[in-house]
>>> print(open('my_file.txt').read())   # compact mmCIF, C-alpha atoms
# COMPACT_ATOMS: atom_id res chain seq x y z
CA MET A 1 -112.19 66.33 102.89
CA ILE A 2 -114.44 63.54 101.69
CA ARG A 3 -112.51 60.54 100.42
CA GLN A 4 -113.73 59.12 97.12
CA PRO A 5 -114.30 55.35 97.16
CA ARG A 6 -111.80 53.32 95.19
CA LEU A 7 -113.08 51.60 92.08
CA ALA A 8 -113.19 47.85 92.14
CA PRO A 9 -110.71 46.39 89.63
CA GLN A 10 -113.43 44.46 87.86
CA ILE A 11 -115.28 47.65 86.80
CA ARG A 12 -112.27 49.66 85.66
CA ARG A 13 -110.55 49.05 82.35
CA ARG A 14 -108.53 51.12 79.91
CA LEU A 15 -109.28 51.69 76.24
CA GLY A 16 -106.38 53.61 74.71
CA HIS A 17 -106.09 56.80 76.78
CA VAL A 18 -109.75 56.59 77.87
CA ILE A 19 -110.89 54.71 80.97
CA VAL A 20 -114.35 53.18 80.82
CA ILE A 21 -115.95 52.76 84.25
CA GLY A 22 -118.58 50.09 84.41
CA GLY A 23 -118.64 50.15 80.61
CA LEU A 24 -120.72 53.35 80.74
CA ILE A 25 -118.73 56.48 81.67
CA PRO A 26 -115.70 57.25 79.50
CA MET A 27 -113.03 59.24 81.33
CA LEU A 28 -109.70 60.59 80.14
CA ALA A 29 -106.63 59.10 81.80
CA GLY A 30 -106.14 62.39 83.68
CA GLY A 31 -109.54 61.99 85.33
CA SER A 32 -111.66 64.38 83.23
CA LEU A 33 -114.70 63.15 81.36
CA ALA A 34 -114.34 62.45 77.66
CA PRO A 35 -116.82 64.17 75.32
CA SER A 36 -120.10 62.35 74.90
CA GLY A 37 -120.99 60.73 71.60
CA ASP A 38 -123.36 63.59 70.79
CA GLU A 39 -120.67 66.17 71.60
CA ILE A 40 -118.23 64.40 69.29
CA LEU A 41 -120.90 64.28 66.59
CA SER A 42 -121.45 68.03 66.92
CA ARG A 43 -117.71 68.67 66.54
CA ILE A 44 -117.59 66.40 63.48
CA GLU A 45 -120.27 68.60 61.91
CA LYS A 46 -118.24 71.72 62.68
CA GLU A 47 -115.13 70.19 61.11
CA ASN A 48 -117.14 69.18 58.01
CA HIS A 49 -118.48 72.74 57.77
CA ARG A 50 -114.92 74.12 57.98
CA ARG A 51 -113.78 71.81 55.18
CA HIS A 52 -116.72 72.75 52.93
CA LEU A 53 -116.17 76.44 53.63
CA LEU A 54 -112.47 76.40 52.74
CA LEU A 55 -112.09 73.55 50.24
CA LYS A 56 -114.14 74.82 47.33
CA GLN A 57 -112.01 73.41 44.52
CA TYR A 58 -109.44 70.60 44.31
CA SER A 59 -108.33 67.80 42.02
CA GLY A 60 -106.73 64.38 42.29
CA SER A 61 -106.17 60.95 40.77
CA ARG A 62 -108.29 57.83 41.30
CA GLN A 63 -107.74 54.19 40.44
CA TYR A 64 -110.86 51.97 40.38
CA THR A 65 -110.28 48.21 40.43
CA LEU A 66 -113.23 45.79 40.35
CA GLU A 67 -112.76 42.02 40.67
CA SER A 68 -115.27 39.20 40.31
CA VAL A 69 -114.08 36.31 42.47
CA ARG A 70 -116.45 33.76 40.88
CA PHE A 71 -115.35 34.33 37.29
CA GLY A 72 -111.80 35.55 37.90
CA LYS A 73 -112.49 38.73 35.93
CA GLN A 74 -111.08 42.16 36.66
CA ALA A 75 -111.40 45.70 35.37
CA ALA A 76 -109.38 48.82 36.14
CA VAL A 77 -110.08 52.47 35.36
CA ALA A 78 -107.75 55.39 36.12
CA VAL A 79 -109.29 58.86 36.17
CA PHE A 80 -108.45 62.49 36.83
CA MET A 81 -111.01 64.06 39.18
CA ASN A 82 -111.76 67.76 39.45
CA TYR A 83 -114.08 69.07 42.17
CA ARG A 84 -115.77 72.47 42.16
CA GLU A 85 -118.18 73.52 44.91
CA LEU A 86 -121.26 74.15 42.75
CA GLU A 87 -120.53 71.50 40.10
CA GLY A 88 -119.46 68.55 42.23
CA GLU A 89 -116.96 65.99 40.93
CA ARG A 90 -116.11 65.64 37.23
CA TYR A 91 -113.99 62.79 35.85
CA THR A 92 -111.67 62.39 32.89
CA VAL A 93 -110.86 58.74 32.11
CA LEU A 94 -107.13 58.28 31.54
CA THR A 95 -106.84 54.50 31.09
CA ARG A 96 -109.21 51.55 31.02
CA SER A 97 -108.62 47.78 30.93
CA GLY A 98 -110.24 44.42 31.60
CA SER A 99 -113.80 43.08 31.39
CA ASP A 100 -116.30 45.25 29.50
CA GLN A 101 -119.05 44.15 31.88
CA LEU A 102 -117.06 45.18 34.97
CA ASN A 103 -116.01 48.42 33.28
CA GLY A 104 -119.68 49.20 32.88
CA ILE A 105 -120.21 48.71 36.62
CA ILE A 106 -117.30 51.06 37.40
CA ASP A 107 -118.88 53.66 35.11
CA ARG A 108 -122.11 53.42 37.10
CA VAL A 109 -120.16 53.81 40.36
CA MET A 110 -118.51 56.97 39.04
CA ALA A 111 -121.86 58.36 37.88
CA SER A 112 -123.29 57.75 41.36
CA GLU A 113 -120.29 59.42 43.02
CA ALA A 114 -120.62 62.45 40.76
CA GLY A 115 -124.30 62.73 41.67
CA ILE A 116 -123.86 62.59 45.43
CA SER A 117 -120.94 65.06 45.33
CA LEU A 118 -123.33 67.91 44.45
CA PRO A 119 -124.11 70.24 47.39
CA PRO A 120 -127.82 69.28 47.75
CA GLU A 121 -126.89 65.58 47.96
CA LEU A 122 -123.93 65.86 50.35
CA ALA A 123 -126.21 66.32 53.34
CA HIS A 124 -127.80 62.92 52.76
CA HIS A 125 -124.65 60.85 53.43
CA GLU A 126 -122.48 62.85 55.85
CA ILE A 127 -122.08 61.94 59.51
CA THR A 128 -124.49 64.38 61.13
CA ALA A 129 -127.12 64.37 63.88
CA LEU A 130 -129.77 64.48 61.15
CA ASN A 131 -128.57 61.16 59.70
CA TYR A 132 -127.15 59.21 62.66
CA ARG A 133 -127.47 58.21 66.27
CA VAL A 134 -124.05 57.59 67.77
CA ARG A 135 -122.54 55.97 70.84
CA LEU A 136 -118.96 56.39 72.10
CA LEU A 137 -117.32 52.97 72.37
CA GLY A 138 -113.86 54.07 73.51
CA THR A 139 -110.61 55.08 71.83
CA GLU A 140 -108.11 53.43 69.51
CA ALA A 141 -105.15 54.46 67.39
CA ALA A 142 -106.00 54.81 63.70
CA GLU A 143 -103.96 56.29 60.86
CA GLY A 144 -101.34 57.24 63.46
CA ARG A 145 -103.81 59.36 65.46
CA ASN A 146 -105.57 58.97 68.80
CA CYS A 147 -109.21 58.48 67.84
CA TYR A 148 -112.61 58.25 69.44
CA VAL A 149 -114.53 55.22 68.17
CA LEU A 150 -118.20 55.90 67.50
CA GLU A 151 -120.91 53.36 66.82
CA LEU A 152 -122.98 54.57 63.87
CA SER A 153 -126.73 53.85 63.77
CA PRO A 154 -128.51 55.45 60.78
CA LYS A 155 -131.85 57.08 61.47
CA LEU A 156 -133.03 56.12 57.99
CA LYS A 157 -132.64 53.04 55.81
CA SER A 158 -130.59 54.72 53.13
CA ARG A 159 -128.05 53.36 50.64
CA PHE A 160 -125.95 56.42 51.46
CA LEU A 161 -125.66 55.70 55.21
CA ILE A 162 -123.56 53.10 57.01
CA VAL A 163 -124.26 50.80 59.96
CA GLY A 164 -120.90 50.42 61.65
CA LYS A 165 -118.12 52.42 63.29
CA ALA A 166 -116.27 55.67 62.71
CA TRP A 167 -112.81 56.56 64.02
CA VAL A 168 -112.63 60.30 64.81
CA ASP A 169 -109.36 62.18 65.36
CA ALA A 170 -109.40 63.34 68.99
CA ASP A 171 -107.65 66.62 68.09
CA SER A 172 -109.34 67.81 64.89
CA TYR A 173 -112.61 65.80 65.08
CA ALA A 174 -112.13 64.74 61.47
CA VAL A 175 -113.24 61.24 60.48
CA VAL A 176 -110.19 59.12 59.66
CA ARG A 177 -111.77 55.68 59.14
CA ILE A 178 -115.23 54.14 58.63
CA GLU A 179 -116.16 50.46 58.60
CA GLY A 180 -119.54 48.78 58.26
CA ARG A 181 -122.25 48.01 55.74
CA PHE A 182 -124.74 50.14 53.87
CA ALA A 183 -128.01 50.66 55.73
CA ALA A 184 -130.08 49.68 52.68
CA SER A 185 -129.60 47.41 49.69
CA LEU A 186 -128.22 48.95 46.52
CA SER A 187 -130.50 46.64 44.54
CA VAL A 188 -132.37 43.35 44.87
CA LEU A 189 -129.47 41.54 43.20
CA VAL A 190 -126.55 43.17 45.02
CA GLY A 191 -127.86 43.62 48.57
CA ALA A 192 -126.05 45.83 51.10
CA PRO A 193 -122.28 45.76 50.54
CA ARG A 194 -119.72 45.92 53.32
CA ILE A 195 -117.44 48.93 53.11
CA SER A 196 -114.30 50.33 54.67
CA GLU A 197 -112.99 53.86 54.11
CA GLU A 198 -109.62 55.27 55.09
CA PHE A 199 -108.81 58.98 55.01
CA VAL A 200 -105.52 60.89 54.85
CA ASP A 201 -104.52 64.31 56.19
CA VAL A 202 -103.69 66.52 53.20
CA ARG A 203 -102.47 69.88 54.46
CA GLY A 204 -105.08 70.06 57.19
CA PHE A 205 -107.98 68.45 55.31
CA TRP A 206 -108.87 64.78 55.82
CA LEU A 207 -109.68 63.38 52.37
CA PRO A 208 -110.35 59.84 51.09
CA ALA A 209 -107.30 57.61 50.62
CA HIS A 210 -108.77 54.13 50.07
CA VAL A 211 -112.28 52.73 49.82
CA ARG A 212 -113.00 48.99 49.65
CA SER A 213 -116.50 47.65 49.04
CA VAL A 214 -117.38 43.94 48.97
CA ALA A 215 -120.76 42.85 47.60
CA SER A 216 -122.50 39.65 46.54
CA SER A 217 -124.25 39.76 43.18
CA PHE A 218 -126.67 37.18 41.77
CA LEU A 219 -124.96 37.38 38.38
CA LEU A 220 -121.31 37.93 39.34
CA GLY A 221 -121.06 36.34 42.79
CA GLN A 222 -118.77 38.11 45.23
CA THR A 223 -117.16 41.25 43.86
CA ALA A 224 -114.61 43.57 45.46
CA LEU A 225 -114.19 47.20 44.45
CA ASP A 226 -111.09 49.13 45.51
CA ILE A 227 -110.71 52.88 44.95
CA LEU A 228 -107.31 54.46 45.56
CA TYR A 229 -107.01 58.25 45.81
CA SER A 230 -103.77 60.17 45.25
CA ASN A 231 -102.11 63.36 43.95
CA TYR A 232 -104.46 65.81 45.63
CA GLN A 233 -103.99 69.39 44.40
CA PHE A 234 -105.68 72.50 45.81
CA ASP A 235 -106.67 75.62 43.92
CA GLN A 236 -104.65 78.77 44.56
CA ASP A 237 -107.18 80.32 46.96
CA THR A 238 -107.31 77.18 49.12
CA ALA A 239 -103.53 76.76 49.04
CA SER A 240 -103.11 80.33 50.32
CA LEU A 241 -105.06 79.41 53.47
CA GLN A 242 -102.64 76.63 54.45
>>> encode(input="my_file.txt", output="structure tokens")
Amino acid sequence: MIRQPRLAPQIRRRLGHVIVIGGLIPMLAGGSLAPSGDEILSRIEKENHRRHLLLKQYSGSRQYTLESVRFGKQAAVAVFMNYRELEGERYTVLTRSGSDQLNGIIDRVMASEAGISLPPELAHHEITALNYRVRLLGTEAAEGRNCYVLELSPKLKSRFLIVGKAWVDADSYAVVRIEGRFAASLSVLVGAPRISEEFVDVRGFWLPAHVRSVASSFLLGQTALDILYSNYQFDQDTASLQ
């Protein structure tokens, strides 16, 4: 029997339940190799495909709050959202308050979200091998789950893609958190905002729970947009699959 050489302490460290040897080879605590970044990316795509296949219609509530730090202004819009596979997201405004100017910006955000929720547009902003190069950084706990942490490097300069990190549930391969900045500027005046997204497990589907975007505008200075998601409801066909 050939004895394996012991690892020097200085090249062995733990990250969650993954051991990184020499900073290059992630291994599970039991000794088996962790999936590579590309393998994790492939499983993310499979999980996204499962969600799209099963979750064809659902609804929920959203609260948009936009604040301008420079001027101390705020606006808030509460909406009911209904999603259908071929129609994308549709919104019904329930309440509205605050600055008319900031309300107008929220309206443009909602219009953009409705546009990119349509099936042809979804492919342009999802975490896929077509859109991203990834690298496995290690593991961390996020949203109460053991997660792989992936470095995200967009292949294109797109305002729909994010330079940053994604936390991926080690069991389901669903994305549970994203942090970073947009890969391209939204406009000359706004630049590329920083963004964080948190997701929640709703009966087996990881759906948005909270999005925070911080931007710097020539006219408004620093602005912070928070979107809170709640009250998810599935259609009868989807509910029967749970």
>>> atom_distance(input="my_file.txt", atom1="atom CA of A:Leu161", atom2="atom CA of A:Gln101")
26.9 Å
>>> residues_around(input="my_file.txt", residues="A:Arg62", least_positions_apart="6", cutoff="12 Å", atoms="only C-alpha atoms", output="short mmCIF file (atom, residue, chain, number, x, y, z; two decimals) with C-alpha atoms, in the coordinates of the input")
data_model
loop_
_atom_site.label_atom_id
_atom_site.label_comp_id
_atom_site.auth_asym_id
_atom_site.auth_seq_id
_atom_site.Cartn_x
_atom_site.Cartn_y
_atom_site.Cartn_z
CA ALA A 76 -109.38 48.82 36.14
CA VAL A 77 -110.08 52.47 35.36
CA ALA A 78 -107.75 55.39 36.12
CA VAL A 79 -109.29 58.86 36.17
CA PHE A 80 -108.45 62.49 36.83
CA MET A 81 -111.01 64.06 39.18
CA ASN A 82 -111.76 67.76 39.45
CA GLU A 89 -116.96 65.99 40.93
CA ARG A 90 -116.11 65.64 37.23
CA TYR A 91 -113.99 62.79 35.85
CA THR A 92 -111.67 62.39 32.89
CA VAL A 93 -110.86 58.74 32.11
CA LEU A 94 -107.13 58.28 31.54
CA THR A 95 -106.84 54.50 31.09
CA ILE A 106 -117.30 51.06 37.40
CA MET A 110 -118.51 56.97 39.04
CA PRO A 208 -110.35 59.84 51.09
CA ALA A 209 -107.30 57.61 50.62
CA HIS A 210 -108.77 54.13 50.07
CA VAL A 211 -112.28 52.73 49.82
CA ASP A 226 -111.09 49.13 45.51
CA ILE A 227 -110.71 52.88 44.95
CA LEU A 228 -107.31 54.46 45.56
CA TYR A 229 -107.01 58.25 45.81
CA SER A 230 -103.77 60.17 45.25
CA ASN A 231 -102.11 63.36 43.95
CA TYR A 232 -104.46 65.81 45.63
#
>>> atom_distance(input="my_file.txt", atom1="atom CA of A:Leu207", atom2="atom CA of A:Glu87")
18.3 Å
>>> closest_residue(input="my_file.txt", among="A:Phe71, A:Tyr173, A:Phe160, A:Tyr64", to="A:Leu41", atoms="all atoms listed in the file")
A:Tyr173
>>> closest_residue(input="my_file.txt", among="A:Leu54, A:Leu102, A:Ile40, A:Ala114", to="A:Gly72", atoms="all atoms listed in the file")
A:Leu102
>>> closest_residue(input="my_file.txt", among="A:Phe199, A:Pro154, A:Leu66, A:Ala166", to="A:Phe182", atoms="all atoms listed in the file")
A:Pro154
>>> residues_around(input="my_file.txt", residues="A:Leu156", least_positions_apart="5", cutoff="9 Å", atoms="only C-alpha atoms", output="PyMOL selection string")
chain A and resi 131-132+161+183-184
>>> atom_distance(input="my_file.txt", atom1="atom CA of A:Ala174", atom2="atom CA of A:Asn48")
7.5 Å
>>> closest_residue(input="my_file.txt", among="A:Ser97, A:Thr128, A:Ser68, A:Ser185", to="A:Thr223", atoms="all atoms listed in the file")
A:Ser68
>>> residues_near_point(input="my_file.txt", point="(-102.8, 54.8, 62.3)", cutoff="12 Å", atoms="only C-alpha atoms", output="number ranges by chain")
A: 140-147, 167-169, 176-177, 198-201
>>> write_last_selection(input="my_file.txt", atoms="C-alpha atoms", output="tab-separated table (two decimals), in the coordinates of the input")
chain	number	residue	atom	x	y	z
A	140	GLU	CA	-108.11	53.43	69.51
A	141	ALA	CA	-105.15	54.46	67.39
A	142	ALA	CA	-106.00	54.81	63.70
A	143	GLU	CA	-103.96	56.29	60.86
A	144	GLY	CA	-101.34	57.24	63.46
A	145	ARG	CA	-103.81	59.36	65.46
A	146	ASN	CA	-105.57	58.97	68.80
A	147	CYS	CA	-109.21	58.48	67.84
A	167	TRP	CA	-112.81	56.56	64.02
A	168	VAL	CA	-112.63	60.30	64.81
A	169	ASP	CA	-109.36	62.18	65.36
A	176	VAL	CA	-110.19	59.12	59.66
A	177	ARG	CA	-111.77	55.68	59.14
A	198	GLU	CA	-109.62	55.27	55.09
A	199	PHE	CA	-108.81	58.98	55.01
A	200	VAL	CA	-105.52	60.89	54.85
A	201	ASP	CA	-104.52	64.31	56.19
>>> closest_residue(input="my_file.txt", among="A:Arg96, A:Arg133, A:Thr139, A:Arg212", to="A:Glu39", atoms="all atoms listed in the file")
A:Arg133
>>> decode(input="my_file.txt", residues="stretch 124-153 of chain A", atoms="N, CA, C and O atoms", output="PDB file, in the first residue's frame")
ATOM      1  N   HIS A 124     -31.276  36.087 -21.876  1.00  0.00           N
ATOM      2  CA  HIS A 124     -30.211  37.089 -21.917  1.00  0.00           C
ATOM      3  C   HIS A 124     -29.679  37.461 -20.533  1.00  0.00           C
ATOM      4  O   HIS A 124     -28.632  38.115 -20.437  1.00  0.00           O
ATOM      5  N   HIS A 125     -30.386  37.097 -19.447  1.00  0.00           N
ATOM      6  CA  HIS A 125     -29.925  37.522 -18.124  1.00  0.00           C
ATOM      7  C   HIS A 125     -29.830  36.382 -17.113  1.00  0.00           C
ATOM      8  O   HIS A 125     -29.481  36.622 -15.954  1.00  0.00           O
ATOM      9  N   GLU A 126     -30.095  35.147 -17.512  1.00  0.00           N
ATOM     10  CA  GLU A 126     -29.969  34.031 -16.581  1.00  0.00           C
ATOM     11  C   GLU A 126     -28.512  33.592 -16.455  1.00  0.00           C
ATOM     12  O   GLU A 126     -27.673  33.887 -17.311  1.00  0.00           O
ATOM     13  N   ILE A 127     -28.218  32.881 -15.365  1.00  0.00           N
ATOM     14  CA  ILE A 127     -26.871  32.357 -15.148  1.00  0.00           C
ATOM     15  C   ILE A 127     -26.730  31.074 -15.944  1.00  0.00           C
ATOM     16  O   ILE A 127     -27.198  30.001 -15.548  1.00  0.00           O
ATOM     17  N   THR A 128     -26.101  31.184 -17.107  1.00  0.00           N
ATOM     18  CA  THR A 128     -25.898  30.060 -18.012  1.00  0.00           C
ATOM     19  C   THR A 128     -24.482  30.119 -18.577  1.00  0.00           C
ATOM     20  O   THR A 128     -23.801  31.149 -18.496  1.00  0.00           O
ATOM     21  N   ALA A 129     -24.064  29.017 -19.186  1.00  0.00           N
ATOM     22  CA  ALA A 129     -22.740  28.968 -19.814  1.00  0.00           C
ATOM     23  C   ALA A 129     -22.661  29.918 -21.003  1.00  0.00           C
ATOM     24  O   ALA A 129     -21.568  30.350 -21.387  1.00  0.00           O
ATOM     25  N   LEU A 130     -23.795  30.229 -21.607  1.00  0.00           N
ATOM     26  CA  LEU A 130     -23.803  31.169 -22.722  1.00  0.00           C
ATOM     27  C   LEU A 130     -23.476  32.584 -22.263  1.00  0.00           C
ATOM     28  O   LEU A 130     -22.835  33.351 -22.988  1.00  0.00           O
ATOM     29  N   ASN A 131     -23.883  32.918 -21.034  1.00  0.00           N
ATOM     30  CA  ASN A 131     -23.718  34.290 -20.543  1.00  0.00           C
ATOM     31  C   ASN A 131     -22.506  34.500 -19.646  1.00  0.00           C
ATOM     32  O   ASN A 131     -21.990  35.611 -19.556  1.00  0.00           O
ATOM     33  N   TYR A 132     -22.058  33.438 -18.937  1.00  0.00           N
ATOM     34  CA  TYR A 132     -21.050  33.613 -17.894  1.00  0.00           C
ATOM     35  C   TYR A 132     -19.907  32.609 -17.973  1.00  0.00           C
ATOM     36  O   TYR A 132     -20.096  31.463 -18.382  1.00  0.00           O
ATOM     37  N   ARG A 133     -18.741  33.081 -17.537  1.00  0.00           N
ATOM     38  CA  ARG A 133     -17.662  32.203 -17.074  1.00  0.00           C
ATOM     39  C   ARG A 133     -17.729  32.202 -15.553  1.00  0.00           C
ATOM     40  O   ARG A 133     -17.980  33.246 -14.951  1.00  0.00           O
ATOM     41  N   VAL A 134     -17.480  31.050 -14.941  1.00  0.00           N
ATOM     42  CA  VAL A 134     -17.582  30.973 -13.488  1.00  0.00           C
ATOM     43  C   VAL A 134     -16.339  30.315 -12.905  1.00  0.00           C
ATOM     44  O   VAL A 134     -15.608  29.591 -13.594  1.00  0.00           O
ATOM     45  N   ARG A 135     -16.122  30.585 -11.627  1.00  0.00           N
ATOM     46  CA  ARG A 135     -15.031  29.950 -10.883  1.00  0.00           C
ATOM     47  C   ARG A 135     -15.526  29.654  -9.477  1.00  0.00           C
ATOM     48  O   ARG A 135     -16.129  30.515  -8.831  1.00  0.00           O
ATOM     49  N   LEU A 136     -15.307  28.425  -9.006  1.00  0.00           N
ATOM     50  CA  LEU A 136     -15.725  28.045  -7.657  1.00  0.00           C
ATOM     51  C   LEU A 136     -14.756  28.630  -6.646  1.00  0.00           C
ATOM     52  O   LEU A 136     -13.557  28.346  -6.675  1.00  0.00           O
ATOM     53  N   LEU A 137     -15.280  29.450  -5.727  1.00  0.00           N
ATOM     54  CA  LEU A 137     -14.459  30.090  -4.707  1.00  0.00           C
ATOM     55  C   LEU A 137     -14.428  29.310  -3.399  1.00  0.00           C
ATOM     56  O   LEU A 137     -13.486  29.420  -2.637  1.00  0.00           O
ATOM     57  N   GLY A 138     -15.460  28.517  -3.136  1.00  0.00           N
ATOM     58  CA  GLY A 138     -15.538  27.771  -1.884  1.00  0.00           C
ATOM     59  C   GLY A 138     -16.990  27.579  -1.502  1.00  0.00           C
ATOM     60  O   GLY A 138     -17.866  27.550  -2.371  1.00  0.00           O
ATOM     61  N   THR A 139     -17.258  27.447  -0.213  1.00  0.00           N
ATOM     62  CA  THR A 139     -18.640  27.313   0.251  1.00  0.00           C
ATOM     63  C   THR A 139     -18.886  28.226   1.442  1.00  0.00           C
ATOM     64  O   THR A 139     -17.976  28.576   2.190  1.00  0.00           O
ATOM     65  N   GLU A 140     -20.149  28.631   1.591  1.00  0.00           N
ATOM     66  CA  GLU A 140     -20.592  29.431   2.725  1.00  0.00           C
ATOM     67  C   GLU A 140     -22.047  29.080   3.000  1.00  0.00           C
ATOM     68  O   GLU A 140     -22.750  28.555   2.132  1.00  0.00           O
ATOM     69  N   ALA A 141     -22.494  29.415   4.196  1.00  0.00           N
ATOM     70  CA  ALA A 141     -23.917  29.297   4.517  1.00  0.00           C
ATOM     71  C   ALA A 141     -24.620  30.556   4.027  1.00  0.00           C
ATOM     72  O   ALA A 141     -24.135  31.670   4.214  1.00  0.00           O
ATOM     73  N   ALA A 142     -25.766  30.377   3.361  1.00  0.00           N
ATOM     74  CA  ALA A 142     -26.572  31.505   2.904  1.00  0.00           C
ATOM     75  C   ALA A 142     -28.035  31.086   2.922  1.00  0.00           C
ATOM     76  O   ALA A 142     -28.374  29.988   2.461  1.00  0.00           O
ATOM     77  N   GLU A 143     -28.878  31.957   3.446  1.00  0.00           N
ATOM     78  CA  GLU A 143     -30.309  31.683   3.556  1.00  0.00           C
ATOM     79  C   GLU A 143     -30.563  30.342   4.254  1.00  0.00           C
ATOM     80  O   GLU A 143     -31.509  29.615   3.928  1.00  0.00           O
ATOM     81  N   GLY A 144     -29.695  30.007   5.216  1.00  0.00           N
ATOM     82  CA  GLY A 144     -29.864  28.776   5.969  1.00  0.00           C
ATOM     83  C   GLY A 144     -29.476  27.522   5.220  1.00  0.00           C
ATOM     84  O   GLY A 144     -29.769  26.408   5.674  1.00  0.00           O
ATOM     85  N   ARG A 145     -28.777  27.658   4.077  1.00  0.00           N
ATOM     86  CA  ARG A 145     -28.402  26.500   3.266  1.00  0.00           C
ATOM     87  C   ARG A 145     -26.892  26.467   3.076  1.00  0.00           C
ATOM     88  O   ARG A 145     -26.222  27.497   3.072  1.00  0.00           O
ATOM     89  N   ASN A 146     -26.346  25.266   2.904  1.00  0.00           N
ATOM     90  CA  ASN A 146     -24.956  25.127   2.503  1.00  0.00           C
ATOM     91  C   ASN A 146     -24.857  25.451   1.020  1.00  0.00           C
ATOM     92  O   ASN A 146     -25.544  24.835   0.198  1.00  0.00           O
ATOM     93  N   CYS A 147     -24.005  26.400   0.676  1.00  0.00           N
ATOM     94  CA  CYS A 147     -23.968  26.903  -0.700  1.00  0.00           C
ATOM     95  C   CYS A 147     -22.556  26.895  -1.273  1.00  0.00           C
ATOM     96  O   CYS A 147     -21.581  27.167  -0.566  1.00  0.00           O
ATOM     97  N   TYR A 148     -22.473  26.595  -2.554  1.00  0.00           N
ATOM     98  CA  TYR A 148     -21.260  26.856  -3.313  1.00  0.00           C
ATOM     99  C   TYR A 148     -21.241  28.337  -3.672  1.00  0.00           C
ATOM    100  O   TYR A 148     -22.277  28.912  -4.025  1.00  0.00           O
ATOM    101  N   VAL A 149     -20.074  28.948  -3.606  1.00  0.00           N
ATOM    102  CA  VAL A 149     -19.927  30.356  -3.975  1.00  0.00           C
ATOM    103  C   VAL A 149     -19.201  30.424  -5.310  1.00  0.00           C
ATOM    104  O   VAL A 149     -18.064  29.953  -5.438  1.00  0.00           O
ATOM    105  N   LEU A 150     -19.872  30.975  -6.312  1.00  0.00           N
ATOM    106  CA  LEU A 150     -19.301  31.090  -7.649  1.00  0.00           C
ATOM    107  C   LEU A 150     -18.946  32.539  -7.956  1.00  0.00           C
ATOM    108  O   LEU A 150     -19.718  33.455  -7.656  1.00  0.00           O
ATOM    109  N   GLU A 151     -17.781  32.733  -8.541  1.00  0.00           N
ATOM    110  CA  GLU A 151     -17.433  34.037  -9.108  1.00  0.00           C
ATOM    111  C   GLU A 151     -18.060  34.130 -10.493  1.00  0.00           C
ATOM    112  O   GLU A 151     -17.886  33.224 -11.316  1.00  0.00           O
ATOM    113  N   LEU A 152     -18.784  35.217 -10.744  1.00  0.00           N
ATOM    114  CA  LEU A 152     -19.465  35.415 -12.016  1.00  0.00           C
ATOM    115  C   LEU A 152     -18.699  36.408 -12.879  1.00  0.00           C
ATOM    116  O   LEU A 152     -18.459  37.544 -12.462  1.00  0.00           O
ATOM    117  N   SER A 153     -18.345  35.982 -14.090  1.00  0.00           N
ATOM    118  CA  SER A 153     -17.665  36.860 -15.049  1.00  0.00           C
ATOM    119  C   SER A 153     -18.460  36.842 -16.356  1.00  0.00           C
ATOM    120  O   SER A 153     -18.406  35.847 -17.099  1.00  0.00           O
TER     121      SER A 153
END
